[in-house]
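Have a look at the structure below, then the notes.
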Amino acid sequence: MAEFVWHAVSPLQHSFTPGRMGETADAAGVRMAEIRNFNLVQIFARRGQWSAVAKAAKAHFGVEAPTRPQAVSGKAGVLLWSGPDQLSALTARRGDEIRPLDALRDRFAGIASLSDQSDGRCLLRISGARARDMLAKVSSVDLDAAVFPVGAAAATAIDHTAANLWREADAADGSPVFKLLVFSSFADSLWDTLVDAAAEYGIEVESPAGL
Amino acid sequence: MTVYQPNRLDKGGLIDRSTPLDFTFDGKHLTGFAGDTLASALVANGVTLVGRSFKYHRPRGILTAGSEEPNALVELRSGNRREANTKATTTELYYGLEAQSQNRWPSLAFDVMSVNQLFSPIFVAGFYYKTFMWPAKFWEKLYEPAIRRAAGLGRPSGLADPDHYEKAWAHCDVLVVGSGASGLAAALAAGRTGARTILAEEDSRAGGRLLSDQGEIDGVSARDWVEGALAELASLPNVRLMTRTAVFGVYDGGTYGALERVNDHVPVPPRHQVRQRLWRIVAKRCVVAAGAVERPIVFSGNDRPGVMMASAVRTYIDRFAARPGRNLAVFANNDDAWKTVEAAHRAGIGIAAVVDVRKELTQAQRTLAQAAGFPVLNGVIHDVHGGAKGVSGIEVQLASGKRETIAADCLAMSGGWNPAVGLSSHHRGRPKWREDIAAFVPGDDIPAGMVVAGAANGAFSLDACLREGHEAGAAAAAGSGGRKAAGNAAVAANPDDALSIAPVWHVEGKHKAFVDFQHDVTASDVALAQREGFESVEHLKRYTTLGMATDQGKNSNVTGLAIMAEVSGRSIPQTGTTIYRPPQVPVAIGALAGHNRDEKFHAARQAPSNHWAAERGAPFVDTGLWKRAQWYPLPGENDWLTSVNREVVTVRNGVGFCDVSTLGKIDVMGPDAGTFLDRVYINLFSTLAVGKARYGLMLRDDGIVMDDGTTSRLAEDHYFMTTTTAKAGPVMQYLEYCRQVLWPELDVQLTSCTDQWATFSVAGPKSRDLLRNIVDPAEDLSNEGFPFMGVREVPLRGGMYARLFRISFSGEMAFEISVPARYGDALARNLMIAGEPFGVIPYGTEALGVMRIEKGHVAGPELNGTTTADDLGLGKMASKKKDFVGRVMATREALVAPDRQVVVGIKPVDKARRLRSGAHIIPKGAIVGPDTDQGYVTSVCHSPMLGQWVGLGLVERGRERFGEIVRAHDPLRGEDYDVEICNPVFYDPEGGRQRG
């Protein structure tokens, strides 16, 4: 019997090759990268257990669990508000790990329900001087620096597709950095929409990155 | 080839004489300058005749210099970029521009259809309604096409638009609409406070009337002040100036629609750029400083080429250095028109005469008349002489009773100004009449957060515009994001002049006097409407089509209802006014669609194995948003049926697999998950053992079936639900509604995990053999170790784990195997390897459908939103031990009636016959009609196992009628044939195969 090999294929693996897209006259106004190798676990507090869940999350991830639309970054990853009494924990994946719930089950036993969404979402990093102009074409959220500061998050829709959008610390050149989390099956189609929106500013498609 | 421009002034104007731009109009080569509009370039070239009117095909010239233009509509560009009904007055000139006049044949100068004018006594308002009413069937086939040919506007290209459009959002504290004196003052005041400000200007250049009118502001010329204001705005990072952007609508919650004409001013948009962009601007406050529109006076010959609005004459002279005539006559009822006289005199244009309805002149006016040596006549215009090529003279009816004819080649008219009340009435705000300026101004019920300033609010003096704009901008900023001081308002040199006006709307004369130029509505049409009882403004509008053209009555509405007031003996406020709806300016459908056109019409979802399926040449079918492999053709297979038949036979005799990841998947978790499911499904789930799956059916709360699927219990507090592909979203929404609203007391948590798992159905008598090759050999997959409806996690060879479900949709022994989605592609490839010894094949949605019909399984066509559980043959599943959604409503009389249409099998009596879904079931011997219609065929397939077409149908009392021969009547395809009603389970009715 032949041996079986399990090659992982990320949602956007077939959609692009790194390099320039769109306008190439000047430096790219938008930089986009698919983030691979992350674990994403949804954590839903059971009835009346939010404070216990927040405490357990703090103990496990080392950061305060957000209680309003925010993304809190720490060494272990990002805790993302995703609704009342629920959050999503985004962490780096170690190797070929396929059961991220195992490490969390004991910590949250009896106080939360957990659902693994590591493969259910595609994660993009969008940055560059024109990132806001490009996102304004696909998102109704006001991303002005003062209105949507670093750490702000939104559960919103892009091209009729549910999406989580949040802002991380600015890049070294001062340009803003956004993360966009969408359902994997929509990734191809959404990528197309994002490329269309960013084409006039010039796009640098970066090599896939880890979290 | 630079062409001499006979009517171009030697100096002045905001044009660049060093950049000549060649263009063509009706094939004739002409030249304009950068900064021109198409209209100003035509004026500079001495072109007066630009189009033919809609109904009478009368020759028409340029009337205005703005977006309210009713006459100068052209076909712009050619080929697939041809755009009909484009206003020459708002089209920026570019090198190589091609424009064609419209609605004329064979040429603009000689138009056959202008004979319509001779019949004009019968082509009055309501003519079509009265004449072509009978016989009714002639309307669609004969009258309407003939009328449309005669009364058309421009021609669409008929080809797909090659350009791109997009949509975008913008957010601000203060949106300022219009960048004239009021708008600039408002933007400055708001911007200085630090409020986020957007200044939207429809024109390519900010400045509004200040680009056309003289004046002095803060000690400098109006134009210099505009430059200074723009420089200050540019220095404020919180202010965004958007030119070429027309705000066209006011929507809920402070959302404004705007159209940015990004690349309409170039022949072809640069690569990677859009032609137009549709903005949704979300603003906390809005200052409407949209100015006013000068209105015509209705008199005999007022539509002749060469008759132009006085303000437009001034714009062409001062902004564009183009002379609309060499010998200008002016007809006015107000002071503003005298600014045109001044401008023309300054530019060295001869003034033939000024006809003013008012007896008293100001000192300045008298001085000007004296200095320039032109007569000022107190009276009205009786007629305009001339023809298609322009004006040759005017006949004046003097107040003294005498008539006087004066030679002139251009007539500037001014009946006063109408504030632009459009945007302020978009939320049904009704404009109110102001007697002192003889105009409607925004009423008290304008949209929340909006304030109107300057000419749009009826303030016509420059000083008042600057003051109102500043105050409105400062107040809007204070009410939103402004923190700092707004500074001081700019001050105009002559804090003058309330507009002096003596309203004259209509002058009786010899010939037609036009109210609505674009729709050819005359003063006598308005009078006729009144005589026939259409007195209300809403009736007037619909009876005469007044104000219903693309200019939305910007030029004509107020005049039309003033004439109605006159003939009906009422005041203007008593007569009332219509209100405006979005869009304020026409918006291309392409801009509204944006990115979402053609294959990007909606987002598409890709299943995990699609890339692999595409490698194998599978065609894809749209299933909702999903793209699914339809079948997998082998070399030499040229039609779909061959491939599908092979796939079905291979699965039924061996093994195949199909990507079913598109089924909805929902994690139902928490201590009360079982109770929750008992309430949403008609059957029991709290009793389901861990490691088992069960088929479930859920109803809507009206008792009709909503969806079905299998749900497994993975742990005490964790169920895994599946839904149909089509209903995944609605079911998830409904469950959230149940959880949050109906039963908040239940401790249950839900989340969609559809995209998390790649799931394949592995079906066929050799499915277990295949799985034994890939699942860890330690796992017992025998009937005892893994019975029908069993579920568990299993390790796979090579370091993977999977959820394995023993579930069958095909009727064969079958498993569903799920791995994390990123390994879906690998799973497809590995299933091919594991199944190679057994001749495994992939199969698509067509074979999946064939096998479910052969087995009589219901799907979308049967779960169609009208069927009950019992109609589907699943009534016995309903638990008697518990309550569930839809239980009570499902017992309503009509839902349990014995003559309901229920699911049955259908097979043609002639075995060679093809069945078609949609055919109606009629009893033998009955006359076809609604009374004898007993149902229809819902699903059909060619069954390779039975060697004939079979189908499912919904048929009255169907289960009592197995064996009965009925007619399948299909008027849509012209077919009528006999079919037999039968048991819907065509294949393996005992169900032994799926249990292995």
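Here, A, B, ... name the chains of the structure tokens in the order displayed, residue numbers run from 1 inside each chain, and ligands are numbered from 1 in the same displayed order.
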Cut-off 8 Å: closest chain A/chain B atom pairs per residue, using only C-alpha atoms, as JSON lines:
```
{"residue": "A:Met1", "atom": "CA", "partner": "B:Asn773", "partner_atom": "CA", "distance": 7.5}
{"residue": "A:Ala2", "atom": "CA", "partner": "B:Ile833", "partner_atom": "CA", "distance": 7.4}
{"residue": "A:Glu3", "atom": "CA", "partner": "B:Gly798", "partner_atom": "CA", "distance": 6.6}
{"residue": "A:Phe4", "atom": "CA", "partner": "B:Gly798", "partner_atom": "CA", "distance": 5.0}
{"residue": "A:Val5", "atom": "CA", "partner": "B:Gly798", "partner_atom": "CA", "distance": 5.9}
{"residue": "A:Trp6", "atom": "CA", "partner": "B:Ala826", "partner_atom": "CA", "distance": 5.6}
{"residue": "A:His7", "atom": "CA", "partner": "B:Ala826", "partner_atom": "CA", "distance": 5.8}
{"residue": "A:Ala8", "atom": "CA", "partner": "B:Arg822", "partner_atom": "CA", "distance": 5.0}
{"residue": "A:Val9", "atom": "CA", "partner": "B:Arg822", "partner_atom": "CA", "distance": 4.9}
{"residue": "A:Ser10", "atom": "CA", "partner": "B:Arg822", "partner_atom": "CA", "distance": 5.6}
{"residue": "A:Pro11", "atom": "CA", "partner": "B:Arg822", "partner_atom": "CA", "distance": 7.3}
{"residue": "A:His14", "atom": "CA", "partner": "B:His611", "partner_atom": "CA", "distance": 8.0}
{"residue": "A:Gly22", "atom": "CA", "partner": "B:His272", "partner_atom": "CA", "distance": 6.2}
{"residue": "A:Glu23", "atom": "CA", "partner": "B:His272", "partner_atom": "CA", "distance": 6.4}
{"residue": "A:Phe44", "atom": "CA", "partner": "B:Gln749", "partner_atom": "CA", "distance": 6.6}
{"residue": "A:Arg46", "atom": "CA", "partner": "B:Asp747", "partner_atom": "CA", "distance": 6.2}
{"residue": "A:Arg47", "atom": "CA", "partner": "B:Asp747", "partner_atom": "CA", "distance": 5.5}
{"residue": "A:Ile98", "atom": "CA", "partner": "B:Pro820", "partner_atom": "CA", "distance": 7.6}
{"residue": "A:Ala112", "atom": "CA", "partner": "B:Gly670", "partner_atom": "CA", "distance": 8.0}
{"residue": "A:Ser113", "atom": "CA", "partner": "B:Met669", "partner_atom": "CA", "distance": 6.2}
{"residue": "A:Ser115", "atom": "CA", "partner": "B:Asp667", "partner_atom": "CA", "distance": 7.3}
{"residue": "A:Asp116", "atom": "CA", "partner": "B:Gln756", "partner_atom": "CA", "distance": 7.6}
{"residue": "A:Gln117", "atom": "CA", "partner": "B:Gln756", "partner_atom": "CA", "distance": 5.6}
{"residue": "A:Ser118", "atom": "CA", "partner": "B:Gln756", "partner_atom": "CA", "distance": 6.9}
{"residue": "A:Asp119", "atom": "CA", "partner": "B:Gln756", "partner_atom": "CA", "distance": 4.6}
{"residue": "A:Gly120", "atom": "CA", "partner": "B:Gln756", "partner_atom": "CA", "distance": 3.7}
{"residue": "A:Arg121", "atom": "CA", "partner": "B:Asp755", "partner_atom": "CA", "distance": 7.2}
{"residue": "A:Ala136", "atom": "CA", "partner": "B:Trp169", "partner_atom": "CA", "distance": 5.3}
{"residue": "A:Lys137", "atom": "CA", "partner": "B:Ala168", "partner_atom": "CA", "distance": 3.9}
{"residue": "A:Val138", "atom": "CA", "partner": "B:Ala168", "partner_atom": "CA", "distance": 6.7}
{"residue": "A:Ser139", "atom": "CA", "partner": "B:Trp169", "partner_atom": "CA", "distance": 7.2}
{"residue": "A:Ser140", "atom": "CA", "partner": "B:Trp169", "partner_atom": "CA", "distance": 5.8}
{"residue": "A:Asp142", "atom": "CA", "partner": "B:His171", "partner_atom": "CA", "distance": 6.2}
{"residue": "A:Asp159", "atom": "CA", "partner": "B:Ala603", "partner_atom": "CA", "distance": 6.8}
{"residue": "A:His160", "atom": "CA", "partner": "B:Ala603", "partner_atom": "CA", "distance": 7.5}
{"residue": "A:Thr161", "atom": "CA", "partner": "B:Ala603", "partner_atom": "CA", "distance": 7.7}
{"residue": "A:Phe183", "atom": "CA", "partner": "B:Asp755", "partner_atom": "CA", "distance": 6.5}
{"residue": "A:Ser184", "atom": "CA", "partner": "B:Asp755", "partner_atom": "CA", "distance": 6.0}
{"residue": "A:Ser185", "atom": "CA", "partner": "B:Arg605", "partner_atom": "CA", "distance": 4.7}
{"residue": "A:Phe186", "atom": "CA", "partner": "B:Arg605", "partner_atom": "CA", "distance": 4.8}
{"residue": "A:Ala187", "atom": "CA", "partner": "B:Arg605", "partner_atom": "CA", "distance": 7.8}
{"residue": "A:Asp188", "atom": "CA", "partner": "B:Gln606", "partner_atom": "CA", "distance": 7.4}
{"residue": "A:Ser189", "atom": "CA", "partner": "B:Ala604", "partner_atom": "CA", "distance": 5.6}
{"residue": "A:Leu190", "atom": "CA", "partner": "B:Ala603", "partner_atom": "CA", "distance": 7.1}
{"residue": "A:Thr193", "atom": "CA", "partner": "B:His595", "partner_atom": "CA", "distance": 7.4}
{"residue": "A:Asp196", "atom": "CA", "partner": "B:His595", "partner_atom": "CA", "distance": 7.9}
{"residue": "A:Ala197", "atom": "CA", "partner": "B:Glu166", "partner_atom": "CA", "distance": 8.0}
{"residue": "A:Ala199", "atom": "CA", "partner": "B:His272", "partner_atom": "CA", "distance": 5.5}
{"residue": "A:Glu200", "atom": "CA", "partner": "B:His272", "partner_atom": "CA", "distance": 4.8}
```
(request) Quick one: pick out all helix (DSSP H, G or I) residues within stretch 14-235 of chain B from a backbone DSSP run and write them as a PyMOL selection string. (result) chain B and resi 38-44+79-81+112-117+127-131+137-150+181-192+208-211+222-235
(request) Please provide the set of residues having any atom within 8 Å of A:Trp81, restricted to only C-alpha atoms, with same-chain residues fewer than 6 positions apart removed, written as a list of chain:residue names. (result)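 Once the adjacent positions are removed, what remains is A:Ala65, A:Pro66, A:Thr67, A:Arg68, A:Pro69, A:Gln70, A:Ala71, A:Leu87, A:Ser88, A:Ala153.
Of note, atom CA of B:Glu980 and atom CA of B:His857 are spaced 18.6 Å apart.
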(request) Pick out the residues sitting within 8 Å of A:Thr24, and hand them over as a ChimeraX atom specification; count only C-alpha atoms, and ignore anything fewer than 3 positions along from it in its own chain. (result) /A:20-21,27-28,202-203
(message) At a cut-off of 12 Å, using only C-alpha atoms, what residues contact stretch 531-535 of chain B? Leave out same-chain residues fewer than 3 positions from it and give the result as a list in words.
(response)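 That gives Ala125, Gly126, Ser524, Asp525, Val526, Ala527, Leu528, Glu538, His539, Leu540, Lys541, Arg542, Tyr543, Thr544, Gly560, Leu561, Ala562, Ile563, Met564, Ala565, Glu566, Val567, Ser568, Gly569, Arg570, Gln574, Thr575, Gly576 and Thr577 of chain B.
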Convert the current residue selection to file output with N, CA and C atoms, as a short mmCIF file (atom, residue, chain, number, x, y, z; two decimals), in the first residue's frame.
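To be explicit, this is the file written out as again.cif:
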```cif
data_model
loop_
_atom_site.label_atom_id
_atom_site.label_comp_id
_atom_site.auth_asym_id
_atom_site.auth_seq_id
_atom_site.Cartn_x
_atom_site.Cartn_y
_atom_site.Cartn_z
N ALA B 125 -50.66 67.57 -25.20
CA ALA B 125 -50.59 66.72 -24.02
C ALA B 125 -51.76 65.75 -24.02
N GLY B 126 -51.47 64.52 -23.62
CA GLY B 126 -52.53 63.52 -23.52
C GLY B 126 -52.90 62.90 -24.85
N SER B 524 -49.62 76.11 -23.66
CA SER B 524 -50.99 75.72 -23.96
C SER B 524 -51.29 74.30 -23.48
N ASP B 525 -50.26 73.43 -23.37
CA ASP B 525 -50.47 72.10 -22.78
C ASP B 525 -50.89 72.22 -21.32
N VAL B 526 -50.26 73.16 -20.61
CA VAL B 526 -50.62 73.35 -19.19
C VAL B 526 -52.06 73.84 -19.10
N ALA B 527 -52.41 74.77 -19.99
CA ALA B 527 -53.78 75.29 -19.99
C ALA B 527 -54.79 74.18 -20.33
N LEU B 528 -54.40 73.32 -21.29
CA LEU B 528 -55.27 72.21 -21.67
C LEU B 528 -55.47 71.25 -20.49
N GLU B 538 -49.61 67.14 -9.22
CA GLU B 538 -49.24 65.76 -9.51
C GLU B 538 -49.90 65.29 -10.81
N HIS B 539 -51.17 65.71 -11.02
CA HIS B 539 -51.85 65.35 -12.26
C HIS B 539 -51.25 66.09 -13.46
N LEU B 540 -50.96 67.36 -13.23
CA LEU B 540 -50.37 68.18 -14.29
C LEU B 540 -49.09 67.52 -14.80
N LYS B 541 -48.29 67.08 -13.86
CA LYS B 541 -47.00 66.46 -14.20
C LYS B 541 -47.22 65.21 -15.05
N ARG B 542 -48.16 64.37 -14.60
CA ARG B 542 -48.32 63.09 -15.31
C ARG B 542 -49.07 63.27 -16.64
N TYR B 543 -49.98 64.21 -16.69
CA TYR B 543 -50.77 64.40 -17.91
C TYR B 543 -49.93 65.01 -19.03
N THR B 544 -49.08 65.96 -18.64
CA THR B 544 -48.31 66.66 -19.68
C THR B 544 -46.87 66.14 -19.79
N GLY B 560 -44.02 75.93 -14.74
CA GLY B 560 -45.23 75.19 -15.12
C GLY B 560 -46.34 75.36 -14.09
N LEU B 561 -45.97 75.28 -12.82
CA LEU B 561 -47.06 75.39 -11.85
C LEU B 561 -47.47 76.84 -11.63
N ALA B 562 -46.58 77.79 -11.95
CA ALA B 562 -46.99 79.19 -11.89
C ALA B 562 -48.03 79.48 -12.98
N ILE B 563 -47.82 78.85 -14.16
CA ILE B 563 -48.80 79.04 -15.23
C ILE B 563 -50.11 78.36 -14.85
N MET B 564 -50.01 77.18 -14.24
CA MET B 564 -51.22 76.49 -13.77
C MET B 564 -51.97 77.37 -12.77
N ALA B 565 -51.19 78.03 -11.87
CA ALA B 565 -51.82 78.91 -10.90
C ALA B 565 -52.56 80.03 -11.61
N GLU B 566 -51.91 80.60 -12.63
CA GLU B 566 -52.50 81.69 -13.40
C GLU B 566 -53.81 81.26 -14.05
N VAL B 567 -53.79 80.12 -14.79
CA VAL B 567 -54.98 79.73 -15.55
C VAL B 567 -56.08 79.20 -14.63
N SER B 568 -55.71 78.72 -13.45
CA SER B 568 -56.76 78.21 -12.55
C SER B 568 -57.17 79.25 -11.52
N GLY B 569 -56.59 80.44 -11.62
CA GLY B 569 -57.00 81.53 -10.75
C GLY B 569 -56.65 81.32 -9.28
N ARG B 570 -55.55 80.61 -9.04
CA ARG B 570 -55.13 80.41 -7.67
C ARG B 570 -53.75 81.01 -7.47
N GLN B 574 -51.18 77.98 -3.18
CA GLN B 574 -52.40 77.16 -3.25
C GLN B 574 -52.24 76.03 -4.27
N THR B 575 -51.55 76.31 -5.34
CA THR B 575 -51.35 75.29 -6.37
C THR B 575 -50.43 74.19 -5.88
N GLY B 576 -49.44 74.56 -5.05
CA GLY B 576 -48.56 73.55 -4.47
C GLY B 576 -47.38 73.26 -5.36
N THR B 577 -46.58 72.31 -4.91
CA THR B 577 -45.41 71.94 -5.70
C THR B 577 -45.15 70.45 -5.58
#
```
(request) Return the single residue from B:Arg913, B:His942, B:Lys339, B:Arg192 that is closest to B:Arg646, with distances computed using only C-alpha atoms. (result)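 Smallest distance to B:Arg646 is found for B:His942.
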(message) Please determine, counting only C-alpha atoms, which residue among A:Val147, A:Leu79, A:Ala56, A:Val41 has the shortest atom-to-atom distance to A:Asp106.
(response) A:Ala56
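The closest residue to A:Leu135, picked from A:Val53, A:Ala76, A:Ala59, A:Leu194 and counting only C-alpha atoms, is A:Leu194.
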All strand (DSSP E or B) positions in stretch 70-191 of chain A, as a CSV table (one decimal) with N, CA and C atoms, in the first residue's frame:
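The result, written out as out07.csv:
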```
chain,number,residue,atom,x,y,z
A,70,GLN,N,-12.8,44.8,20.1
A,70,GLN,CA,-11.3,45.1,20.2
A,70,GLN,C,-10.5,43.8,19.9
A,71,ALA,N,-9.3,44.0,19.4
A,71,ALA,CA,-8.4,42.9,19.3
A,71,ALA,C,-7.2,43.2,20.2
A,72,VAL,N,-7.0,42.3,21.2
A,72,VAL,CA,-6.0,42.5,22.2
A,72,VAL,C,-4.8,41.6,21.8
A,73,SER,N,-3.7,42.2,21.5
A,73,SER,CA,-2.5,41.4,21.1
A,73,SER,C,-1.6,41.1,22.3
A,74,GLY,N,-1.1,40.0,22.4
A,74,GLY,CA,-0.1,39.6,23.4
A,74,GLY,C,0.9,38.7,22.8
A,77,GLY,N,-0.6,35.6,21.2
A,77,GLY,CA,-1.5,35.7,20.0
A,77,GLY,C,-2.5,36.9,20.2
A,78,VAL,N,-3.6,36.8,19.6
A,78,VAL,CA,-4.6,37.9,19.6
A,78,VAL,C,-5.9,37.3,20.2
A,79,LEU,N,-6.5,38.1,21.1
A,79,LEU,CA,-7.9,37.8,21.5
A,79,LEU,C,-8.8,38.8,20.9
A,80,LEU,N,-9.7,38.2,20.1
A,80,LEU,CA,-10.6,39.1,19.3
A,80,LEU,C,-12.0,39.0,19.8
A,81,TRP,N,-12.6,40.1,20.1
A,81,TRP,CA,-14.0,40.2,20.5
A,81,TRP,C,-14.8,39.7,19.3
A,82,SER,N,-15.8,38.8,19.5
A,82,SER,CA,-16.6,38.3,18.4
A,82,SER,C,-18.1,38.3,18.7
A,83,GLY,N,-18.4,38.9,19.8
A,83,GLY,CA,-19.8,38.9,20.2
A,83,GLY,C,-19.9,39.0,21.7
A,86,GLN,N,-18.3,36.2,24.0
A,86,GLN,CA,-17.6,35.2,23.2
A,86,GLN,C,-16.3,35.9,22.7
A,87,LEU,N,-15.3,35.2,22.4
A,87,LEU,CA,-14.1,35.7,21.8
A,87,LEU,C,-13.5,34.7,20.9
A,88,SER,N,-12.6,35.1,20.0
A,88,SER,CA,-11.8,34.2,19.2
A,88,SER,C,-10.4,34.3,19.6
A,89,ALA,N,-9.7,33.2,19.8
A,89,ALA,CA,-8.3,33.2,20.1
A,89,ALA,C,-7.5,32.8,18.9
A,90,LEU,N,-6.6,33.7,18.5
A,90,LEU,CA,-5.8,33.5,17.4
A,90,LEU,C,-4.4,33.3,17.8
A,91,THR,N,-3.8,32.1,17.5
A,91,THR,CA,-2.4,31.8,18.0
A,91,THR,C,-1.6,31.2,16.9
A,92,ALA,N,-0.3,31.2,17.0
A,92,ALA,CA,0.5,30.6,16.0
A,92,ALA,C,0.4,29.1,16.1
A,112,ALA,N,-17.0,27.0,29.2
A,112,ALA,CA,-17.1,27.5,27.8
A,112,ALA,C,-17.2,26.4,26.8
A,113,SER,N,-17.9,26.7,25.7
A,113,SER,CA,-17.9,25.8,24.6
A,113,SER,C,-16.8,26.2,23.6
A,114,LEU,N,-16.1,25.3,23.0
A,114,LEU,CA,-15.0,25.6,22.1
A,114,LEU,C,-15.3,25.1,20.7
A,115,SER,N,-14.9,25.9,19.7
A,115,SER,CA,-15.1,25.4,18.3
A,115,SER,C,-13.8,25.8,17.5
A,116,ASP,N,-13.3,24.8,16.9
A,116,ASP,CA,-12.0,25.0,16.1
A,116,ASP,C,-12.4,25.6,14.8
A,121,ARG,N,-11.4,29.8,8.4
A,121,ARG,CA,-11.1,31.2,8.1
A,121,ARG,C,-9.8,31.4,7.3
A,122,CYS,N,-9.8,32.5,6.5
A,122,CYS,CA,-8.6,32.9,5.8
A,122,CYS,C,-8.2,34.2,6.5
A,123,LEU,N,-6.9,34.4,6.7
A,123,LEU,CA,-6.5,35.6,7.4
A,123,LEU,C,-5.5,36.4,6.5
A,124,LEU,N,-5.8,37.7,6.3
A,124,LEU,CA,-5.0,38.5,5.5
A,124,LEU,C,-4.5,39.7,6.3
A,125,ARG,N,-3.3,40.1,5.9
A,125,ARG,CA,-2.7,41.3,6.5
A,125,ARG,C,-2.7,42.3,5.4
A,126,ILE,N,-3.2,43.5,5.6
A,126,ILE,CA,-3.3,44.6,4.6
A,126,ILE,C,-2.7,45.8,5.2
A,127,SER,N,-1.6,46.3,4.5
A,127,SER,CA,-0.9,47.5,5.0
A,127,SER,C,-0.6,48.4,3.8
A,152,ALA,N,-8.6,48.5,17.6
A,152,ALA,CA,-10.1,48.5,17.4
A,152,ALA,C,-10.4,47.3,16.4
A,153,ALA,N,-11.6,46.8,16.6
A,153,ALA,CA,-12.0,45.6,15.8
A,153,ALA,C,-13.5,45.8,15.4
A,154,ALA,N,-13.8,45.2,14.3
A,154,ALA,CA,-15.2,45.3,13.8
A,154,ALA,C,-15.6,43.9,13.3
A,155,ALA,N,-16.8,43.5,13.7
A,155,ALA,CA,-17.4,42.3,13.0
A,155,ALA,C,-18.3,42.9,12.0
A,156,THR,N,-18.0,42.7,10.7
A,156,THR,CA,-18.7,43.4,9.7
A,156,THR,C,-18.9,42.5,8.4
A,157,ALA,N,-19.2,43.1,7.3
A,157,ALA,CA,-19.4,42.3,6.1
A,157,ALA,C,-18.6,43.0,5.0
A,158,ILE,N,-18.0,42.2,4.1
A,158,ILE,CA,-17.3,42.7,2.9
A,158,ILE,C,-17.9,42.0,1.7
A,161,THR,N,-20.1,39.3,2.6
A,161,THR,CA,-19.5,38.2,3.3
A,161,THR,C,-19.1,38.6,4.7
A,162,ALA,N,-19.4,37.8,5.7
A,162,ALA,CA,-19.0,38.1,7.1
A,162,ALA,C,-17.5,38.2,7.2
A,163,ALA,N,-17.1,39.2,7.9
A,163,ALA,CA,-15.6,39.4,8.1
A,163,ALA,C,-15.3,40.1,9.4
A,164,ASN,N,-14.1,39.8,10.0
A,164,ASN,CA,-13.6,40.5,11.1
A,164,ASN,C,-12.5,41.3,10.7
A,165,LEU,N,-12.5,42.6,11.1
A,165,LEU,CA,-11.4,43.5,10.6
A,165,LEU,C,-10.9,44.2,11.9
A,166,TRP,N,-9.6,44.2,12.0
A,166,TRP,CA,-9.0,44.9,13.1
A,166,TRP,C,-7.7,45.6,12.8
A,167,ARG,N,-7.3,46.6,13.6
A,167,ARG,CA,-6.1,47.3,13.3
A,167,ARG,C,-5.0,46.9,14.3
A,168,GLU,N,-3.8,46.7,13.8
A,168,GLU,CA,-2.7,46.4,14.6
A,168,GLU,C,-1.7,47.6,14.6
A,177,VAL,N,-1.8,49.1,9.6
A,177,VAL,CA,-1.8,47.7,9.4
A,177,VAL,C,-3.1,47.2,9.8
A,178,PHE,N,-3.8,46.5,8.9
A,178,PHE,CA,-5.1,45.9,9.2
A,178,PHE,C,-5.0,44.4,9.0
A,179,LYS,N,-5.8,43.7,9.8
A,179,LYS,CA,-6.0,42.2,9.6
A,179,LYS,C,-7.5,42.0,9.3
A,180,LEU,N,-7.6,41.1,8.4
A,180,LEU,CA,-9.0,40.7,7.9
A,180,LEU,C,-9.1,39.2,7.9
A,181,LEU,N,-10.2,38.8,8.6
A,181,LEU,CA,-10.5,37.4,8.7
A,181,LEU,C,-11.8,37.1,8.0
A,182,VAL,N,-11.8,36.2,7.1
A,182,VAL,CA,-13.0,35.9,6.3
A,182,VAL,C,-13.2,34.4,6.2
A,183,PHE,N,-14.4,33.9,5.9
A,183,PHE,CA,-14.6,32.5,5.7
A,183,PHE,C,-13.7,31.9,4.6
```
(request) Find the residues near B:Val794: any atom within 7 Å, counting only C-alpha atoms, skip ones fewer than 4 places away on the same chain, and give them as a VMD selection string. (result) chain B and resid 775 801 to 804
Residues just named, written with N, CA and C atoms as a tab-separated table (two decimals), in the first residue's frame:
```
chain	number	residue	atom	x	y	z
B	775	VAL	N	-7.73	4.39	6.55
B	775	VAL	CA	-7.93	4.55	7.99
B	775	VAL	C	-6.93	3.64	8.71
B	801	TYR	N	-6.12	12.93	11.20
B	801	TYR	CA	-7.28	12.33	11.84
B	801	TYR	C	-8.51	12.81	11.09
B	802	ALA	N	-9.61	12.07	11.19
B	802	ALA	CA	-10.82	12.41	10.46
B	802	ALA	C	-12.03	12.11	11.33
B	803	ARG	N	-13.11	12.81	11.04
B	803	ARG	CA	-14.40	12.40	11.59
B	803	ARG	C	-15.05	11.52	10.53
B	804	LEU	N	-15.51	10.35	10.96
B	804	LEU	CA	-16.11	9.41	10.02
B	804	LEU	C	-17.57	9.18	10.42
```
